[in-house]
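Visitor: Here it is, the structure, as C-alpha coordinates.
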Amino acid sequence: MHLPEVYPLINIQLKSPSFDILESYQKFVHNTAENMGIDVSQCWPVPSKTYIARVYKDNSVIVEDECKIDIYERNVQVSNMRSIDAPLLLDIICRTLPEGVELSVHEHTDEQ
(Lines give C-alpha, C1' and ligand atoms only; values in the text may rest on other atoms or scores of the structure.)
Protein backbone atom coordinates (compact mmCIF):
# COMPACT_ATOMS: atom_id res chain seq x y z
CA MET A 1 0.00 0.00 0.00
CA HIS A 2 1.39 3.37 -1.04
CA LEU A 3 0.72 6.19 1.46
CA PRO A 4 0.58 9.79 0.22
CA GLU A 5 3.58 11.97 0.95
CA VAL A 6 3.37 14.66 3.62
CA TYR A 7 4.57 18.21 2.98
CA PRO A 8 6.91 20.01 5.40
CA LEU A 9 5.58 23.07 7.25
CA ILE A 10 3.80 25.33 4.76
CA ASN A 11 3.01 29.01 5.31
CA ILE A 12 -0.06 30.50 3.69
CA GLN A 13 0.59 34.24 3.61
CA LEU A 14 -2.25 36.71 3.09
CA LYS A 15 -1.88 40.48 2.56
CA SER A 16 -4.49 43.17 2.06
CA PRO A 17 -5.16 46.87 2.65
CA SER A 18 -8.55 45.89 4.13
CA PHE A 19 -8.09 44.77 7.74
CA ASP A 20 -11.63 43.40 8.18
CA ILE A 21 -11.62 41.37 4.97
CA LEU A 22 -8.17 39.97 5.77
CA GLU A 23 -9.15 38.92 9.30
CA SER A 24 -12.31 37.21 8.03
CA TYR A 25 -10.50 35.43 5.20
CA GLN A 26 -7.68 34.25 7.47
CA LYS A 27 -10.32 32.66 9.70
CA PHE A 28 -11.90 31.01 6.64
CA VAL A 29 -8.54 29.57 5.50
CA HIS A 30 -7.83 28.30 9.04
CA ASN A 31 -11.25 26.64 9.36
CA THR A 32 -11.14 25.15 5.85
CA ALA A 33 -7.76 23.53 6.49
CA GLU A 34 -8.92 22.09 9.81
CA ASN A 35 -12.18 20.82 8.31
CA MET A 36 -10.12 18.97 5.68
CA GLY A 37 -8.11 17.26 8.44
CA ILE A 38 -5.00 19.39 7.86
CA ASP A 39 -3.27 20.50 11.05
CA VAL A 40 -2.96 24.26 11.56
CA SER A 41 0.25 24.65 13.57
CA GLN A 42 -0.09 28.35 14.19
CA CYS A 43 -1.42 31.63 12.86
CA TRP A 44 0.25 34.98 13.32
CA PRO A 45 -0.04 38.61 12.27
CA VAL A 46 2.80 40.74 10.96
CA PRO A 47 2.86 44.46 11.76
CA SER A 48 1.30 46.49 8.97
CA LYS A 49 3.47 48.35 6.47
CA THR A 50 2.59 51.86 5.41
CA TYR A 51 3.06 53.05 1.85
CA ILE A 52 2.47 56.45 0.29
CA ALA A 53 0.74 56.44 -3.11
CA ARG A 54 1.41 59.61 -5.07
CA VAL A 55 -0.28 61.11 -8.12
CA TYR A 56 1.92 63.40 -10.17
CA LYS A 57 0.88 66.26 -12.44
CA ASP A 58 1.11 65.37 -16.14
CA ASN A 59 4.67 65.37 -17.47
CA SER A 60 5.98 66.55 -14.12
CA VAL A 61 7.61 65.46 -10.88
CA ILE A 62 5.28 67.71 -8.89
CA VAL A 63 3.01 65.75 -6.55
CA GLU A 64 -0.65 66.54 -7.17
CA ASP A 65 -2.08 64.25 -4.48
CA GLU A 66 -0.97 61.53 -2.10
CA CYS A 67 -2.63 58.87 0.00
CA LYS A 68 -1.39 56.67 2.85
CA ILE A 69 -2.06 52.93 2.38
CA ASP A 70 -1.57 50.37 5.17
CA ILE A 71 -0.97 46.77 4.08
CA TYR A 72 -1.85 44.14 6.68
CA GLU A 73 -0.48 40.59 6.73
CA ARG A 74 -1.66 37.34 8.27
CA ASN A 75 -0.07 33.90 8.09
CA VAL A 76 -1.56 30.44 8.51
CA GLN A 77 0.97 27.64 9.00
CA VAL A 78 -0.15 24.12 8.15
CA SER A 79 1.59 20.86 8.96
CA ASN A 80 1.04 17.21 8.07
CA MET A 81 -0.62 18.24 4.80
CA ARG A 82 -0.78 15.22 2.52
CA SER A 83 0.09 15.53 -1.14
CA ILE A 84 -3.47 14.52 -2.04
CA ASP A 85 -4.96 17.30 0.14
CA ALA A 86 -2.74 20.18 -1.02
CA PRO A 87 -4.26 20.67 -4.50
CA LEU A 88 -7.79 20.72 -3.10
CA LEU A 89 -6.95 23.19 -0.31
CA LEU A 90 -5.08 25.50 -2.67
CA ASP A 91 -7.89 25.35 -5.24
CA ILE A 92 -10.46 26.31 -2.60
CA ILE A 93 -8.27 29.16 -1.34
CA CYS A 94 -7.63 30.50 -4.86
CA ARG A 95 -11.28 30.29 -5.91
CA THR A 96 -12.52 32.09 -2.80
CA LEU A 97 -9.76 34.72 -2.60
CA PRO A 98 -11.43 38.09 -1.99
CA GLU A 99 -10.66 41.02 -4.26
CA GLY A 100 -7.65 42.94 -2.99
CA VAL A 101 -6.17 40.03 -1.01
CA GLU A 102 -2.74 38.82 -2.11
CA LEU A 103 -1.91 35.13 -1.59
CA SER A 104 1.50 33.51 -1.26
CA VAL A 105 2.16 29.86 -0.34
CA HIS A 106 5.65 28.72 0.54
CA GLU A 107 7.66 26.30 2.64
CA HIS A 108 8.43 27.55 6.13
CA THR A 109 11.98 28.67 6.83
CA ASP A 110 13.55 29.91 10.05
CA GLU A 111 13.64 33.50 8.72
CA GLN A 112 9.83 33.65 8.48
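Following the order of the C-alpha coordinates, first chain is A, next is B, and so on, with residues numbered from 1 inside each chain and ligands from 1 in the order they appear.
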Please identify which residues in stretch 1-74 of chain A DSSP calls strand (DSSP E) from the backbone, and express them as number ranges by chain.

Guide: A: 10-16, 39-56, 63-74

Visitor: Determine, counting only C-alpha atoms, which protein, DNA and RNA residues have an atom within 12 Å of an atom of A:His108; residues of the same chain fewer than 6 positions away are not included. Present the result as a PyMOL selection string.

Guide: chain A and resi 7-13+41-42+75-79

Visitor: Restricting the calculation to only C-alpha atoms: of A:Asp85, A:Asp110, A:Glu64, A:Glu73, which residue gets closest to A:Asp20?

Guide: A:Glu73

Visitor: Got a sec: who's within 12 Å of A:Ser16, counting only C-alpha atoms, leaving out chain neighbours fewer than 6 positions off, as an MDAnalysis selection string?

Guide: chainID A and resid 22:26 46 48:50 69:75 97:104
